[in-house]
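Scroll down for the structure; my scribbles are underneath it.
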Amino acid sequence: MQPTVVLLHGAFANSFSFAPLQAELGLLGHRSVAVDLPGHGFGATYPRAYQAPQDLEGLATTPGALKGVTHADNIAHLIAVLERARANGPVVLVAHSRGGVVATAVANTRPDLIDRLVYVAAWCPVDLEVAAYYAEPEMAAVDPDTLALVLAGNPAELGLIRGNFRTADEGALAGLKAAFLADGTDDELLAFLATLQPDESLDAGGPDDRARAGSWGRLPRTYVRLTGDASLPLALQDRLIREGDALTPDHPFDVRTLDGSHLRWLVHPEPAARMLAEIAGATVSNP
């Protein structure tokens with residue numbers, strides 16, 4: 001039976017960002033499903049104040065649908081999607097960036113729903129929870145002010161994180177480009193930012209969501225390194241791989257590499273699609 005490639009987005013993203021990749025996968029003969037986690041995609045809040053001309057005061061205070069949405073809600077939602085996909089054959093779960101935290105948690109609890117787990121420059125917490133990695137040497141080069149340049153409102157008051165990705169501030173746009181798409185054009189950056197939503201959940205999981213050897217560790221796993229990633233640096237990607245391999249030394253990652261930034265594989269998806277098609281083609285059902 002043909003595998004289904006299930007694509008899981010990162011922070012502030014949604015299923016829309018996978019459209020070019022899905023087109024390439026389809027042309028290669030592979031079916032795919034792009035997931036919207038709760039409060040994402042058409043379930044997202046786009047305040048009137050986010051439209052032009054922007055009302056920055058209103059943007060900072062308008063309530064959003066992601067308030068109160070938890071990591072547990074994301075896990076339950078993804079499990080429901082995987083249950084439906086798994087009824088039709090093997091499942092290859094592909095997670096990007098923050099989506100890796102949800103994918104790891106699901107692999108911990110329902111490994112029976114996944115036949116291969118693929119991380120693309122994604123968080124795979126093993127020794128530490130995600131928040132703690134930010135204090136580690138591998139993240140020292142990441143500029144903490146990048147998100148602050150587009151932050152709208154007080155997360156504690158809103159109950160969510162809100163970013164103004166429709167800003168015209170040159171400094172903020174330069175910071176976003178350096179962090180996420182330094183190898184792209186300004187037009188490509190603006191086009192991708194237009195697919196993002198302003199809000200993201202505050203809950204990114206905790207220490208109980210780290211990879212577990214007895215469940216997550218049994219799954220066939222691939223880690224796709226992005227060599228030019230400035231937001232989740234290659235050194236951190238390699239550390240996550242090492243930690244995962246140390247947790248299950250008899251069952252290490254299959255490691256692949258793509259050149260490019262955090263978003264290039266989505267903006268220019270042909271190489272990634274060929275890689276994922278190869279991985280999907282070799283995937284067999286997990287008994």
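Going through the structure tokens in order, the chains are called A, B, and so on, while each chain numbers its residues from 1 and the ligands are numbered from 1 in the order shown.
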
Give me the stretch 180-276 of chain A side of the contact with stretch 4-24 of chain A, cut-off 9 Å, one line per residue showing its nearest atom pair and distance in Å at one decimal, counting only C-alpha atoms, sorted by chain and residue number, as a tab-separated table.
```
residue	atom	partner	partner_atom	distance
A:Phe192	CA	A:Ser17	CA	7.3
A:Thr195	CA	A:Ser17	CA	6.3
A:Leu196	CA	A:Ala13	CA	5.0
A:Gln197	CA	A:Phe12	CA	5.4
A:Pro198	CA	A:Phe12	CA	6.5
A:Asp199	CA	A:Phe12	CA	6.1
A:Glu200	CA	A:Phe12	CA	5.3
A:Ser201	CA	A:Ala11	CA	8.3
A:Trp265	CA	A:Leu21	CA	8.3
A:Leu266	CA	A:Leu21	CA	6.2
A:Val267	CA	A:Pro20	CA	7.3
A:His268	CA	A:Pro20	CA	7.9
A:Pro269	CA	A:Leu21	CA	5.1
A:Glu270	CA	A:Glu24	CA	6.3
A:Ala272	CA	A:Leu21	CA	7.7
A:Ala273	CA	A:Glu24	CA	6.0
A:Arg274	CA	A:Glu24	CA	8.2
A:Leu276	CA	A:Val5	CA	8.3
```

Write the residues of the selection above to a file with all heavy atoms, as a tab-separated table (two decimals), in the first residue's frame.
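Below you can see out05.tsv, which holds the result:
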```tsv
chain	number	residue	atom	x	y	z
A	192	PHE	N	6.51	34.28	1.54
A	192	PHE	CA	6.38	33.28	2.60
A	192	PHE	C	5.74	33.90	3.84
A	192	PHE	O	4.87	33.28	4.48
A	192	PHE	CB	7.72	32.66	2.96
A	192	PHE	CG	7.57	31.38	3.74
A	192	PHE	CD1	7.54	30.16	3.09
A	192	PHE	CD2	7.41	31.41	5.12
A	192	PHE	CE1	7.35	28.97	3.80
A	192	PHE	CE2	7.23	30.24	5.84
A	192	PHE	CZ	7.19	29.02	5.18
A	195	THR	N	2.08	33.85	4.04
A	195	THR	CA	1.39	32.59	4.38
A	195	THR	C	1.34	32.36	5.89
A	195	THR	O	0.60	31.49	6.35
A	195	THR	CB	2.08	31.37	3.74
A	195	THR	OG1	3.34	31.11	4.39
A	195	THR	CG2	2.31	31.59	2.25
A	196	LEU	N	2.14	33.11	6.65
A	196	LEU	CA	2.15	32.92	8.09
A	196	LEU	C	0.92	33.53	8.74
A	196	LEU	O	0.29	34.41	8.18
A	196	LEU	CB	3.42	33.53	8.70
A	196	LEU	CG	4.76	32.94	8.26
A	196	LEU	CD1	5.90	33.65	8.99
A	196	LEU	CD2	4.82	31.45	8.50
A	197	GLN	N	0.61	33.06	9.92
A	197	GLN	CA	-0.47	33.65	10.70
A	197	GLN	C	0.12	34.40	11.88
A	197	GLN	O	1.25	34.10	12.30
A	197	GLN	CB	-1.42	32.57	11.18
A	197	GLN	CG	-0.75	31.47	11.96
A	197	GLN	CD	-1.68	30.30	12.20
A	197	GLN	OE1	-2.16	29.66	11.28
A	197	GLN	NE2	-1.98	30.05	13.47
A	198	PRO	N	-0.58	35.38	12.43
A	198	PRO	CA	0.04	36.19	13.47
A	198	PRO	C	0.22	35.49	14.81
A	198	PRO	O	1.10	35.89	15.58
A	198	PRO	CB	-0.92	37.38	13.61
A	198	PRO	CG	-2.22	36.90	13.05
A	198	PRO	CD	-1.88	35.91	11.99
A	199	ASP	N	-0.57	34.46	15.09
A	199	ASP	CA	-0.58	33.90	16.44
A	199	ASP	C	0.04	32.51	16.53
A	199	ASP	O	-0.06	31.71	15.58
A	199	ASP	CB	-2.01	33.82	16.97
A	199	ASP	CG	-2.64	35.18	17.17
A	199	ASP	OD1	-1.91	36.19	17.07
A	199	ASP	OD2	-3.87	35.24	17.40
A	200	GLU	N	0.63	32.23	17.69
A	200	GLU	CA	1.15	30.90	18.01
A	200	GLU	C	0.89	30.60	19.48
A	200	GLU	O	0.86	31.51	20.32
A	200	GLU	CB	2.65	30.81	17.69
A	200	GLU	CG	3.24	29.42	17.84
A	200	GLU	CD	2.44	28.37	17.10
A	200	GLU	OE1	2.51	28.33	15.86
A	200	GLU	OE2	1.72	27.60	17.77
A	201	SER	N	0.73	29.32	19.79
A	201	SER	CA	0.45	28.89	21.15
A	201	SER	C	1.65	29.12	22.06
A	201	SER	O	2.81	29.01	21.64
A	201	SER	CB	0.09	27.39	21.15
A	201	SER	OG	0.06	26.87	22.46
A	265	TRP	N	13.86	24.92	1.69
A	265	TRP	CA	13.32	23.64	1.21
A	265	TRP	C	11.83	23.72	0.91
A	265	TRP	O	11.31	22.91	0.13
A	265	TRP	CB	13.61	22.53	2.22
A	265	TRP	CG	12.79	22.59	3.48
A	265	TRP	CD1	12.87	23.50	4.49
A	265	TRP	CD2	11.75	21.67	3.86
A	265	TRP	NE1	11.95	23.22	5.48
A	265	TRP	CE2	11.26	22.10	5.11
A	265	TRP	CE3	11.21	20.52	3.28
A	265	TRP	CZ2	10.24	21.43	5.79
A	265	TRP	CZ3	10.20	19.85	3.95
A	265	TRP	CH2	9.73	20.30	5.19
A	266	LEU	N	11.15	24.74	1.49
A	266	LEU	CA	9.73	24.94	1.21
A	266	LEU	C	9.52	25.90	0.04
A	266	LEU	O	8.55	25.78	-0.70
A	266	LEU	CB	9.02	25.47	2.45
A	266	LEU	CG	9.01	24.52	3.65
A	266	LEU	CD1	8.46	25.23	4.88
A	266	LEU	CD2	8.21	23.26	3.35
A	267	VAL	N	10.42	26.84	-0.12
A	267	VAL	CA	10.32	27.81	-1.20
A	267	VAL	C	10.81	27.21	-2.52
A	267	VAL	O	10.25	27.48	-3.60
A	267	VAL	CB	11.12	29.08	-0.85
A	267	VAL	CG1	11.11	30.08	-2.00
A	267	VAL	CG2	10.55	29.74	0.41
A	268	HIS	N	11.83	26.38	-2.46
A	268	HIS	CA	12.37	25.66	-3.62
A	268	HIS	C	12.35	24.17	-3.28
A	268	HIS	O	13.37	23.59	-2.89
A	268	HIS	CB	13.79	26.13	-3.94
A	268	HIS	CG	13.88	27.57	-4.34
A	268	HIS	ND1	13.60	28.01	-5.61
A	268	HIS	CD2	14.18	28.69	-3.61
A	268	HIS	CE1	13.74	29.32	-5.67
A	268	HIS	NE2	14.09	29.76	-4.47
A	269	PRO	N	11.19	23.52	-3.42
A	269	PRO	CA	10.98	22.21	-2.81
A	269	PRO	C	11.44	21.00	-3.61
A	269	PRO	O	11.32	19.88	-3.12
A	269	PRO	CB	9.46	22.17	-2.63
A	269	PRO	CG	8.94	22.97	-3.79
A	269	PRO	CD	9.93	24.08	-3.97
A	270	GLU	N	11.95	21.19	-4.83
A	270	GLU	CA	12.24	20.02	-5.65
A	270	GLU	C	13.22	19.04	-5.00
A	270	GLU	O	12.95	17.82	-4.96
A	270	GLU	CB	12.77	20.46	-7.03
A	270	GLU	CG	11.77	21.26	-7.84
A	270	GLU	CD	11.91	22.76	-7.61
A	270	GLU	OE1	12.47	23.17	-6.56
A	270	GLU	OE2	11.45	23.53	-8.48
A	272	ALA	N	13.94	18.56	-1.81
A	272	ALA	CA	13.29	17.96	-0.65
A	272	ALA	C	12.24	16.95	-1.08
A	272	ALA	O	12.10	15.88	-0.46
A	272	ALA	CB	12.67	19.04	0.23
A	273	ALA	N	11.49	17.28	-2.12
A	273	ALA	CA	10.46	16.36	-2.60
A	273	ALA	C	11.08	15.06	-3.10
A	273	ALA	O	10.56	13.96	-2.81
A	273	ALA	CB	9.64	17.01	-3.72
A	274	ARG	N	12.18	15.15	-3.82
A	274	ARG	CA	12.85	13.93	-4.30
A	274	ARG	C	13.33	13.09	-3.12
A	274	ARG	O	13.21	11.86	-3.12
A	274	ARG	CB	14.01	14.29	-5.23
A	274	ARG	CG	13.57	14.84	-6.58
A	274	ARG	CD	14.74	14.86	-7.56
A	274	ARG	NE	15.81	15.76	-7.14
A	274	ARG	CZ	15.90	17.04	-7.47
A	274	ARG	NH1	14.94	17.59	-8.22
A	274	ARG	NH2	16.91	17.77	-7.07
A	276	LEU	N	12.12	13.09	0.02
A	276	LEU	CA	10.98	12.53	0.74
A	276	LEU	C	10.31	11.42	-0.07
A	276	LEU	O	9.82	10.43	0.50
A	276	LEU	CB	9.96	13.62	1.07
A	276	LEU	CG	10.42	14.66	2.09
A	276	LEU	CD1	9.37	15.76	2.25
A	276	LEU	CD2	10.70	14.01	3.45
```

- Item | Which of stretch 85-196 of chain A fall in alpha helix (DSSP H), as an MDAnalysis selection string | chainID A and resid 85:86 99:109 130:133 145:148 155:158 170:180 186:193

Save out the residues we just selected, N, CA and C atoms, as a short mmCIF file (atom, residue, chain, number, x, y, z; two decimals), in the first residue's frame.
```
data_model
loop_
_atom_site.label_atom_id
_atom_site.label_comp_id
_atom_site.auth_asym_id
_atom_site.auth_seq_id
_atom_site.Cartn_x
_atom_site.Cartn_y
_atom_site.Cartn_z
N ALA A 85 -5.16 8.55 8.47
CA ALA A 85 -4.19 8.25 7.41
C ALA A 85 -3.73 6.79 7.49
N ARG A 86 -3.53 6.30 8.71
CA ARG A 86 -3.00 4.94 8.90
C ARG A 86 -3.98 3.88 8.41
N GLY A 99 7.20 21.89 14.92
CA GLY A 99 6.36 20.72 14.73
C GLY A 99 7.00 19.45 15.24
N GLY A 100 8.34 19.44 15.32
CA GLY A 100 9.04 18.27 15.82
C GLY A 100 8.70 17.95 17.27
N VAL A 101 8.34 18.96 18.06
CA VAL A 101 7.99 18.73 19.46
C VAL A 101 6.70 17.92 19.54
N VAL A 102 5.71 18.28 18.71
CA VAL A 102 4.44 17.56 18.70
C VAL A 102 4.65 16.15 18.13
N ALA A 103 5.43 16.05 17.06
CA ALA A 103 5.69 14.74 16.46
C ALA A 103 6.37 13.80 17.44
N THR A 104 7.33 14.32 18.20
CA THR A 104 8.03 13.51 19.19
C THR A 104 7.07 13.01 20.27
N ALA A 105 6.20 13.90 20.73
CA ALA A 105 5.24 13.53 21.77
C ALA A 105 4.28 12.45 21.27
N VAL A 106 3.84 12.57 20.03
CA VAL A 106 2.95 11.56 19.46
C VAL A 106 3.68 10.23 19.29
N ALA A 107 4.92 10.29 18.86
CA ALA A 107 5.71 9.06 18.72
C ALA A 107 5.94 8.38 20.06
N ASN A 108 5.98 9.18 21.12
CA ASN A 108 6.12 8.61 22.47
C ASN A 108 4.89 7.81 22.86
N THR A 109 3.72 8.28 22.47
CA THR A 109 2.47 7.69 22.96
C THR A 109 1.77 6.77 21.96
N VAL A 130 12.71 21.74 25.19
CA VAL A 130 13.06 22.71 24.15
C VAL A 130 13.55 24.02 24.73
N ALA A 131 12.84 24.57 25.71
CA ALA A 131 13.22 25.87 26.26
C ALA A 131 14.64 25.88 26.79
N ALA A 132 15.08 24.76 27.35
CA ALA A 132 16.41 24.70 27.95
C ALA A 132 17.52 24.70 26.91
N TYR A 133 17.23 24.21 25.70
CA TYR A 133 18.27 24.21 24.65
C TYR A 133 18.69 25.62 24.26
N ASP A 145 16.53 38.71 19.48
CA ASP A 145 15.72 39.90 19.19
C ASP A 145 14.93 39.77 17.89
N THR A 146 15.15 38.72 17.12
CA THR A 146 14.48 38.60 15.83
C THR A 146 12.97 38.62 15.99
N LEU A 147 12.45 37.75 16.85
CA LEU A 147 11.00 37.72 17.07
C LEU A 147 10.53 38.98 17.79
N ALA A 148 11.37 39.50 18.68
CA ALA A 148 10.99 40.70 19.42
C ALA A 148 10.71 41.87 18.48
N PRO A 155 2.46 38.63 25.54
CA PRO A 155 1.99 37.23 25.50
C PRO A 155 1.25 36.80 26.76
N ALA A 156 1.68 37.28 27.91
CA ALA A 156 1.02 36.91 29.16
C ALA A 156 -0.41 37.42 29.21
N GLU A 157 -0.65 38.59 28.64
CA GLU A 157 -2.00 39.15 28.63
C GLU A 157 -2.86 38.54 27.53
N LEU A 158 -2.26 38.32 26.37
CA LEU A 158 -3.01 37.74 25.24
C LEU A 158 -3.25 36.24 25.43
N GLU A 170 11.96 47.92 7.89
CA GLU A 170 13.09 47.33 7.17
C GLU A 170 13.99 46.52 8.09
N GLY A 171 14.20 47.01 9.31
CA GLY A 171 15.04 46.28 10.25
C GLY A 171 14.45 44.93 10.62
N ALA A 172 13.14 44.91 10.86
CA ALA A 172 12.47 43.66 11.20
C ALA A 172 12.52 42.68 10.04
N LEU A 173 12.28 43.16 8.83
CA LEU A 173 12.31 42.28 7.66
C LEU A 173 13.72 41.74 7.41
N ALA A 174 14.71 42.57 7.62
CA ALA A 174 16.10 42.10 7.46
C ALA A 174 16.43 41.03 8.49
N GLY A 175 15.94 41.21 9.72
CA GLY A 175 16.18 40.21 10.76
C GLY A 175 15.50 38.89 10.44
N LEU A 176 14.27 38.95 9.94
CA LEU A 176 13.55 37.73 9.57
C LEU A 176 14.24 37.02 8.41
N LYS A 177 14.71 37.79 7.45
CA LYS A 177 15.39 37.18 6.31
C LYS A 177 16.67 36.49 6.76
N ALA A 178 17.46 37.16 7.59
CA ALA A 178 18.71 36.57 8.07
C ALA A 178 18.46 35.28 8.85
N ALA A 179 17.39 35.26 9.61
CA ALA A 179 17.10 34.10 10.45
C ALA A 179 16.52 32.93 9.69
N PHE A 180 15.69 33.21 8.67
CA PHE A 180 14.89 32.14 8.08
C PHE A 180 15.11 31.90 6.59
N ASP A 186 14.17 38.95 -1.55
CA ASP A 186 13.24 39.71 -0.72
C ASP A 186 11.80 39.36 -1.07
N ASP A 187 11.52 39.16 -2.35
CA ASP A 187 10.16 38.80 -2.77
C ASP A 187 9.77 37.43 -2.23
N GLU A 188 10.70 36.50 -2.23
CA GLU A 188 10.40 35.17 -1.68
C GLU A 188 10.10 35.25 -0.19
N LEU A 189 10.87 36.07 0.52
CA LEU A 189 10.61 36.24 1.94
C LEU A 189 9.21 36.81 2.17
N LEU A 190 8.85 37.87 1.44
CA LEU A 190 7.55 38.49 1.64
C LEU A 190 6.42 37.53 1.27
N ALA A 191 6.63 36.75 0.23
CA ALA A 191 5.62 35.77 -0.16
C ALA A 191 5.42 34.73 0.93
N PHE A 192 6.51 34.28 1.54
CA PHE A 192 6.38 33.28 2.60
C PHE A 192 5.74 33.90 3.84
N LEU A 193 6.16 35.12 4.20
CA LEU A 193 5.57 35.78 5.36
C LEU A 193 4.06 35.95 5.19
#
```

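Here atom CA of A:Val120 and atom CA of A:Ala140 stand 20.7 Å from one another.
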
Contacts of A:Ala87 within 12 Å, only C-alpha atoms, excl. fewer than 5 positions in-chain, as a compact mmCIF listing (two decimals) with all heavy atoms, in the first residue's frame:
```txt
# COMPACT_ATOMS: atom_id res chain seq x y z
N MET A 1 0.84 -1.20 0.00
CA MET A 1 0.00 0.00 0.00
C MET A 1 0.87 1.24 0.00
O MET A 1 1.89 1.29 0.67
CB MET A 1 -0.92 -0.01 1.22
CG MET A 1 -1.88 -1.20 1.29
SD MET A 1 -2.87 -1.23 2.79
CE MET A 1 -3.97 0.14 2.50
N GLN A 2 0.45 2.24 -0.75
CA GLN A 2 1.24 3.45 -0.87
C GLN A 2 1.25 4.23 0.44
O GLN A 2 0.20 4.44 1.05
CB GLN A 2 0.66 4.34 -1.97
CG GLN A 2 1.47 5.61 -2.22
CD GLN A 2 0.76 6.56 -3.17
OE1 GLN A 2 -0.46 6.61 -3.19
NE2 GLN A 2 1.53 7.32 -3.93
N PRO A 3 2.42 4.67 0.89
CA PRO A 3 2.47 5.48 2.11
C PRO A 3 1.81 6.84 1.91
O PRO A 3 1.76 7.37 0.79
CB PRO A 3 3.97 5.65 2.38
CG PRO A 3 4.64 4.61 1.55
CD PRO A 3 3.76 4.39 0.37
N THR A 4 1.30 7.39 2.99
CA THR A 4 0.83 8.78 3.02
C THR A 4 1.88 9.61 3.75
O THR A 4 2.27 9.29 4.87
CB THR A 4 -0.51 8.90 3.76
OG1 THR A 4 -1.49 8.09 3.10
CG2 THR A 4 -0.99 10.35 3.78
N ALA A 80 -5.45 12.12 15.82
CA ALA A 80 -6.68 11.90 15.05
C ALA A 80 -6.40 11.89 13.55
O ALA A 80 -6.98 11.08 12.80
CB ALA A 80 -7.71 12.98 15.40
N VAL A 81 -5.53 12.78 13.09
CA VAL A 81 -5.16 12.79 11.67
C VAL A 81 -4.43 11.51 11.29
O VAL A 81 -4.72 10.88 10.26
CB VAL A 81 -4.28 14.02 11.35
CG1 VAL A 81 -3.71 13.93 9.94
CG2 VAL A 81 -5.07 15.31 11.53
N LEU A 82 -3.48 11.10 12.13
CA LEU A 82 -2.70 9.90 11.82
C LEU A 82 -3.55 8.64 11.84
O LEU A 82 -3.31 7.72 11.05
CB LEU A 82 -1.53 9.77 12.81
CG LEU A 82 -0.47 10.87 12.74
CD1 LEU A 82 0.60 10.63 13.81
CD2 LEU A 82 0.15 10.96 11.36
N ASP A 112 2.46 3.23 17.05
CA ASP A 112 1.78 2.35 16.11
C ASP A 112 1.20 3.09 14.91
O ASP A 112 0.88 2.46 13.89
CB ASP A 112 0.65 1.60 16.83
CG ASP A 112 -0.37 2.55 17.46
OD1 ASP A 112 0.04 3.35 18.33
OD2 ASP A 112 -1.55 2.49 17.09
N LEU A 113 1.07 4.41 15.01
CA LEU A 113 0.48 5.20 13.93
C LEU A 113 1.52 5.72 12.94
O LEU A 113 1.15 6.34 11.94
CB LEU A 113 -0.29 6.39 14.52
CG LEU A 113 -1.48 6.07 15.42
CD1 LEU A 113 -2.08 7.35 15.98
CD2 LEU A 113 -2.52 5.26 14.66
N ILE A 114 2.78 5.49 13.20
CA ILE A 114 3.86 6.07 12.38
C ILE A 114 4.77 4.95 11.88
O ILE A 114 5.22 4.12 12.66
CB ILE A 114 4.68 7.08 13.21
CG1 ILE A 114 3.78 8.15 13.83
CG2 ILE A 114 5.78 7.72 12.36
CD1 ILE A 114 4.45 9.01 14.89
N SER A 285 5.02 -1.01 6.14
CA SER A 285 4.12 -0.90 7.28
C SER A 285 4.79 -1.33 8.58
O SER A 285 5.54 -2.29 8.62
CB SER A 285 2.87 -1.75 7.04
OG SER A 285 1.96 -1.63 8.10
```
